[in-house]
Amino acid sequence: MKKSLFGLIIFILMANISFAQNTAGEQEVIQLSKQKWQWMADKNVDKLTPLFDDKSVFVHMGGSWGKTPEINVIKSGGIHYKKAEVHEVSVNIIGDTAILLSKITLLAVVGGNEVTNPFIVTEVYIKESNAWKLGSLSFTKLMTPEK
């Protein structure tokens with residue numbers, strides 16, 4: 001009985017440890033997403049332009065558009081992503097596609113007004129020639145703020 005209980009406890013602990021760890025690919029995508037938020041805050045379109053795939057799509061509360069309009073809106077300050085406070089993040093990699101989900105509180109300047117909104121953000125990355133490219137970025141506003 002003691003051996004069975006001990007074995008069960010070890011199994012549960014090992015399962016928890018394995019679920020808590022991210023693979024190298026998942027860590028790479030998480031780090032890339034973190035860099036992307038900083039580049040957006042810095043309005044660094046030189047770093048963002050090669051990251052965004054030419055066919056990428058961006059879904060916001062006020063509309064959706066492609067790569068060129070997103071780069072232009074960042075460059076002009078039409079939307080200034082001042083700070084994304086990431087509360088939770090998870091990544092699922094399926095073949096050459098990574099789907100990153102994060103809960104964030106976004107401090108932004110939109111149309112000259114500073115706003116703070118809680119979002120679930122979906123980022124889809126595609127691996128091409130050994131590099132991840134952003135294919136989609138979608139914001140879903142949460143009805144209740146993060147605690």
# chains A, B, ... in the order shown; residues from 1 in each chain; ligands from 1

$ select_by_dssp --residues "segment 54-138 of chain A" --states "helix (DSSP H, G or I)" --output "PyMOL selection string"
chain A and resi 67-76

$ write_last_selection --atoms "N, CA and C atoms" --output "tab-separated table (two decimals), in the first residue's frame"
chain	number	residue	atom	x	y	z
A	67	LYS	N	-1.07	43.84	-43.22
A	67	LYS	CA	0.26	44.24	-42.75
A	67	LYS	C	0.54	45.73	-42.96
A	68	THR	N	0.37	46.22	-44.17
A	68	THR	CA	0.74	47.61	-44.47
A	68	THR	C	-0.05	48.60	-43.61
A	69	PRO	N	-1.39	48.47	-43.50
A	69	PRO	CA	-2.11	49.40	-42.62
A	69	PRO	C	-1.68	49.29	-41.16
A	70	GLU	N	-1.35	48.08	-40.69
A	70	GLU	CA	-0.91	47.93	-39.29
A	70	GLU	C	0.44	48.62	-39.07
A	71	ILE	N	1.36	48.42	-39.98
A	71	ILE	CA	2.66	49.10	-39.88
A	71	ILE	C	2.46	50.61	-39.91
A	72	ASN	N	1.59	51.09	-40.81
A	72	ASN	CA	1.34	52.53	-40.92
A	72	ASN	C	0.69	53.11	-39.67
A	73	VAL	N	-0.24	52.36	-39.06
A	73	VAL	CA	-0.92	52.86	-37.87
A	73	VAL	C	0.06	52.91	-36.68
A	74	ILE	N	0.99	51.97	-36.63
A	74	ILE	CA	2.01	51.99	-35.57
A	74	ILE	C	2.98	53.14	-35.81
A	75	LYS	N	3.45	53.26	-37.04
A	75	LYS	CA	4.42	54.31	-37.39
A	75	LYS	C	3.85	55.71	-37.14
A	76	SER	N	2.59	55.93	-37.51
A	76	SER	CA	1.96	57.25	-37.38
A	76	SER	C	1.52	57.55	-35.95

$ residues_around --residues "Val59 of chain A" --least-positions-apart "4" --cutoff "7 Å" --atoms "only C-alpha atoms" --output "PyMOL selection string"
chain A and resi 63-65+137-139

$ residues_around --residues "Ala84 of chain A" --least-positions-apart "6" --cutoff "10 Å" --atoms "only C-alpha atoms" --output "list in words"
Lys34, Trp37, Gln38, Met40, Ala41, Lys103, Ile104, Thr105, Leu106, Leu107, Ala108, Thr116, Asn117, Pro118 and Phe119 of chain A

$ closest_residue --among "A:Ile99, A:Ile79, A:Val124, A:Met61" --to "Gly112 of chain A" --atoms "only C-alpha atoms"
A:Ile79

$ decode --residues "segment 113-144 of chain A" --atoms "N, CA, C and O atoms" --output "PDB file, in the first residue's frame"
ATOM      1  N   ASN A 113      -6.390  59.520 -27.381  1.00  0.00           N
ATOM      2  CA  ASN A 113      -6.894  59.236 -26.039  1.00  0.00           C
ATOM      3  C   ASN A 113      -6.184  58.025 -25.440  1.00  0.00           C
ATOM      4  O   ASN A 113      -6.113  56.979 -26.083  1.00  0.00           O
ATOM      5  N   GLU A 114      -5.691  58.173 -24.210  1.00  0.00           N
ATOM      6  CA  GLU A 114      -5.070  57.049 -23.527  1.00  0.00           C
ATOM      7  C   GLU A 114      -6.157  56.147 -22.960  1.00  0.00           C
ATOM      8  O   GLU A 114      -7.072  56.631 -22.278  1.00  0.00           O
ATOM      9  N   VAL A 115      -6.072  54.859 -23.268  1.00  0.00           N
ATOM     10  CA  VAL A 115      -7.076  53.887 -22.822  1.00  0.00           C
ATOM     11  C   VAL A 115      -6.366  52.649 -22.285  1.00  0.00           C
ATOM     12  O   VAL A 115      -5.265  52.310 -22.704  1.00  0.00           O
ATOM     13  N   THR A 116      -7.034  51.993 -21.352  1.00  0.00           N
ATOM     14  CA  THR A 116      -6.555  50.726 -20.809  1.00  0.00           C
ATOM     15  C   THR A 116      -7.671  49.720 -20.964  1.00  0.00           C
ATOM     16  O   THR A 116      -8.808  49.981 -20.561  1.00  0.00           O
ATOM     17  N   ASN A 117      -7.349  48.567 -21.578  1.00  0.00           N
ATOM     18  CA  ASN A 117      -8.343  47.528 -21.806  1.00  0.00           C
ATOM     19  C   ASN A 117      -7.770  46.154 -21.502  1.00  0.00           C
ATOM     20  O   ASN A 117      -6.612  45.880 -21.810  1.00  0.00           O
ATOM     21  N   PRO A 118      -8.614  45.285 -20.913  1.00  0.00           N
ATOM     22  CA  PRO A 118      -8.207  43.891 -20.732  1.00  0.00           C
ATOM     23  C   PRO A 118      -8.571  43.101 -21.993  1.00  0.00           C
ATOM     24  O   PRO A 118      -9.680  43.232 -22.517  1.00  0.00           O
ATOM     25  N   PHE A 119      -7.629  42.321 -22.488  1.00  0.00           N
ATOM     26  CA  PHE A 119      -7.844  41.545 -23.708  1.00  0.00           C
ATOM     27  C   PHE A 119      -7.363  40.111 -23.539  1.00  0.00           C
ATOM     28  O   PHE A 119      -6.438  39.845 -22.756  1.00  0.00           O
ATOM     29  N   ILE A 120      -7.957  39.231 -24.318  1.00  0.00           N
ATOM     30  CA  ILE A 120      -7.326  37.966 -24.660  1.00  0.00           C
ATOM     31  C   ILE A 120      -6.818  38.192 -26.077  1.00  0.00           C
ATOM     32  O   ILE A 120      -7.559  38.642 -26.953  1.00  0.00           O
ATOM     33  N   VAL A 121      -5.540  37.941 -26.275  1.00  0.00           N
ATOM     34  CA  VAL A 121      -4.919  38.160 -27.576  1.00  0.00           C
ATOM     35  C   VAL A 121      -4.541  36.808 -28.172  1.00  0.00           C
ATOM     36  O   VAL A 121      -3.966  35.962 -27.488  1.00  0.00           O
ATOM     37  N   THR A 122      -4.903  36.634 -29.429  1.00  0.00           N
ATOM     38  CA  THR A 122      -4.517  35.441 -30.170  1.00  0.00           C
ATOM     39  C   THR A 122      -3.471  35.846 -31.193  1.00  0.00           C
ATOM     40  O   THR A 122      -3.703  36.741 -32.001  1.00  0.00           O
ATOM     41  N   GLU A 123      -2.316  35.203 -31.125  1.00  0.00           N
ATOM     42  CA  GLU A 123      -1.246  35.433 -32.097  1.00  0.00           C
ATOM     43  C   GLU A 123      -0.976  34.107 -32.796  1.00  0.00           C
ATOM     44  O   GLU A 123      -0.800  33.089 -32.133  1.00  0.00           O
ATOM     45  N   VAL A 124      -0.964  34.144 -34.110  1.00  0.00           N
ATOM     46  CA  VAL A 124      -0.664  32.948 -34.892  1.00  0.00           C
ATOM     47  C   VAL A 124       0.653  33.186 -35.618  1.00  0.00           C
ATOM     48  O   VAL A 124       0.792  34.172 -36.349  1.00  0.00           O
ATOM     49  N   TYR A 125       1.600  32.301 -35.378  1.00  0.00           N
ATOM     50  CA  TYR A 125       2.919  32.374 -36.009  1.00  0.00           C
ATOM     51  C   TYR A 125       3.094  31.174 -36.929  1.00  0.00           C
ATOM     52  O   TYR A 125       2.661  30.065 -36.605  1.00  0.00           O
ATOM     53  N   ILE A 126       3.752  31.392 -38.058  1.00  0.00           N
ATOM     54  CA  ILE A 126       4.039  30.346 -39.032  1.00  0.00           C
ATOM     55  C   ILE A 126       5.552  30.270 -39.171  1.00  0.00           C
ATOM     56  O   ILE A 126       6.214  31.297 -39.342  1.00  0.00           O
ATOM     57  N   LYS A 127       6.094  29.051 -39.109  1.00  0.00           N
ATOM     58  CA  LYS A 127       7.541  28.890 -39.250  1.00  0.00           C
ATOM     59  C   LYS A 127       7.882  28.705 -40.722  1.00  0.00           C
ATOM     60  O   LYS A 127       7.403  27.789 -41.372  1.00  0.00           O
ATOM     61  N   GLU A 128       8.691  29.638 -41.242  1.00  0.00           N
ATOM     62  CA  GLU A 128       9.148  29.600 -42.632  1.00  0.00           C
ATOM     63  C   GLU A 128      10.658  29.765 -42.641  1.00  0.00           C
ATOM     64  O   GLU A 128      11.175  30.709 -42.043  1.00  0.00           O
ATOM     65  N   SER A 129      11.344  28.873 -43.320  1.00  0.00           N
ATOM     66  CA  SER A 129      12.809  28.949 -43.427  1.00  0.00           C
ATOM     67  C   SER A 129      13.460  29.111 -42.055  1.00  0.00           C
ATOM     68  O   SER A 129      14.310  29.964 -41.847  1.00  0.00           O
ATOM     69  N   ASN A 130      12.994  28.328 -41.093  1.00  0.00           N
ATOM     70  CA  ASN A 130      13.544  28.315 -39.732  1.00  0.00           C
ATOM     71  C   ASN A 130      13.295  29.586 -38.928  1.00  0.00           C
ATOM     72  O   ASN A 130      13.974  29.829 -37.938  1.00  0.00           O
ATOM     73  N   ALA A 131      12.371  30.444 -39.364  1.00  0.00           N
ATOM     74  CA  ALA A 131      12.047  31.666 -38.626  1.00  0.00           C
ATOM     75  C   ALA A 131      10.531  31.786 -38.480  1.00  0.00           C
ATOM     76  O   ALA A 131       9.779  31.417 -39.380  1.00  0.00           O
ATOM     77  N   TRP A 132      10.108  32.283 -37.331  1.00  0.00           N
ATOM     78  CA  TRP A 132       8.679  32.499 -37.084  1.00  0.00           C
ATOM     79  C   TRP A 132       8.249  33.838 -37.667  1.00  0.00           C
ATOM     80  O   TRP A 132       8.927  34.843 -37.495  1.00  0.00           O
ATOM     81  N   LYS A 133       7.097  33.833 -38.360  1.00  0.00           N
ATOM     82  CA  LYS A 133       6.488  35.065 -38.894  1.00  0.00           C
ATOM     83  C   LYS A 133       5.079  35.151 -38.316  1.00  0.00           C
ATOM     84  O   LYS A 133       4.394  34.139 -38.194  1.00  0.00           O
ATOM     85  N   LEU A 134       4.667  36.368 -37.985  1.00  0.00           N
ATOM     86  CA  LEU A 134       3.325  36.574 -37.446  1.00  0.00           C
ATOM     87  C   LEU A 134       2.320  36.555 -38.586  1.00  0.00           C
ATOM     88  O   LEU A 134       2.452  37.323 -39.545  1.00  0.00           O
ATOM     89  N   GLY A 135       1.333  35.689 -38.487  1.00  0.00           N
ATOM     90  CA  GLY A 135       0.296  35.583 -39.509  1.00  0.00           C
ATOM     91  C   GLY A 135      -0.996  36.265 -39.109  1.00  0.00           C
ATOM     92  O   GLY A 135      -1.747  36.741 -39.957  1.00  0.00           O
ATOM     93  N   SER A 136      -1.258  36.327 -37.788  1.00  0.00           N
ATOM     94  CA  SER A 136      -2.494  36.941 -37.320  1.00  0.00           C
ATOM     95  C   SER A 136      -2.321  37.425 -35.890  1.00  0.00           C
ATOM     96  O   SER A 136      -1.653  36.780 -35.081  1.00  0.00           O
ATOM     97  N   LEU A 137      -2.931  38.573 -35.616  1.00  0.00           N
ATOM     98  CA  LEU A 137      -2.968  39.148 -34.272  1.00  0.00           C
ATOM     99  C   LEU A 137      -4.388  39.639 -34.050  1.00  0.00           C
ATOM    100  O   LEU A 137      -4.866  40.512 -34.784  1.00  0.00           O
ATOM    101  N   SER A 138      -5.080  39.047 -33.070  1.00  0.00           N
ATOM    102  CA  SER A 138      -6.484  39.401 -32.809  1.00  0.00           C
ATOM    103  C   SER A 138      -6.688  39.747 -31.346  1.00  0.00           C
ATOM    104  O   SER A 138      -6.210  39.033 -30.460  1.00  0.00           O
ATOM    105  N   PHE A 139      -7.402  40.830 -31.120  1.00  0.00           N
ATOM    106  CA  PHE A 139      -7.731  41.282 -29.774  1.00  0.00           C
ATOM    107  C   PHE A 139      -9.195  40.970 -29.485  1.00  0.00           C
ATOM    108  O   PHE A 139     -10.073  41.358 -30.257  1.00  0.00           O
ATOM    109  N   THR A 140      -9.455  40.309 -28.354  1.00  0.00           N
ATOM    110  CA  THR A 140     -10.816  40.088 -27.882  1.00  0.00           C
ATOM    111  C   THR A 140     -10.923  40.752 -26.520  1.00  0.00           C
ATOM    112  O   THR A 140     -10.228  40.358 -25.571  1.00  0.00           O
ATOM    113  N   LYS A 141     -11.773  41.777 -26.427  1.00  0.00           N
ATOM    114  CA  LYS A 141     -11.898  42.515 -25.171  1.00  0.00           C
ATOM    115  C   LYS A 141     -12.644  41.675 -24.147  1.00  0.00           C
ATOM    116  O   LYS A 141     -13.682  41.092 -24.434  1.00  0.00           O
ATOM    117  N   LEU A 142     -12.072  41.638 -22.941  1.00  0.00           N
ATOM    118  CA  LEU A 142     -12.726  40.945 -21.828  1.00  0.00           C
ATOM    119  C   LEU A 142     -13.761  41.863 -21.203  1.00  0.00           C
ATOM    120  O   LEU A 142     -13.563  43.073 -21.138  1.00  0.00           O
ATOM    121  N   MET A 143     -14.823  41.298 -20.733  1.00  0.00           N
ATOM    122  CA  MET A 143     -15.883  42.097 -20.132  1.00  0.00           C
ATOM    123  C   MET A 143     -15.552  42.529 -18.699  1.00  0.00           C
ATOM    124  O   MET A 143     -16.101  43.475 -18.196  1.00  0.00           O
ATOM    125  N   THR A 144     -14.641  41.794 -18.071  1.00  0.00           N
ATOM    126  CA  THR A 144     -14.230  42.157 -16.712  1.00  0.00           C
ATOM    127  C   THR A 144     -12.725  42.390 -16.711  1.00  0.00           C
ATOM    128  O   THR A 144     -11.989  41.659 -17.357  1.00  0.00           O
TER     129      THR A 144
END
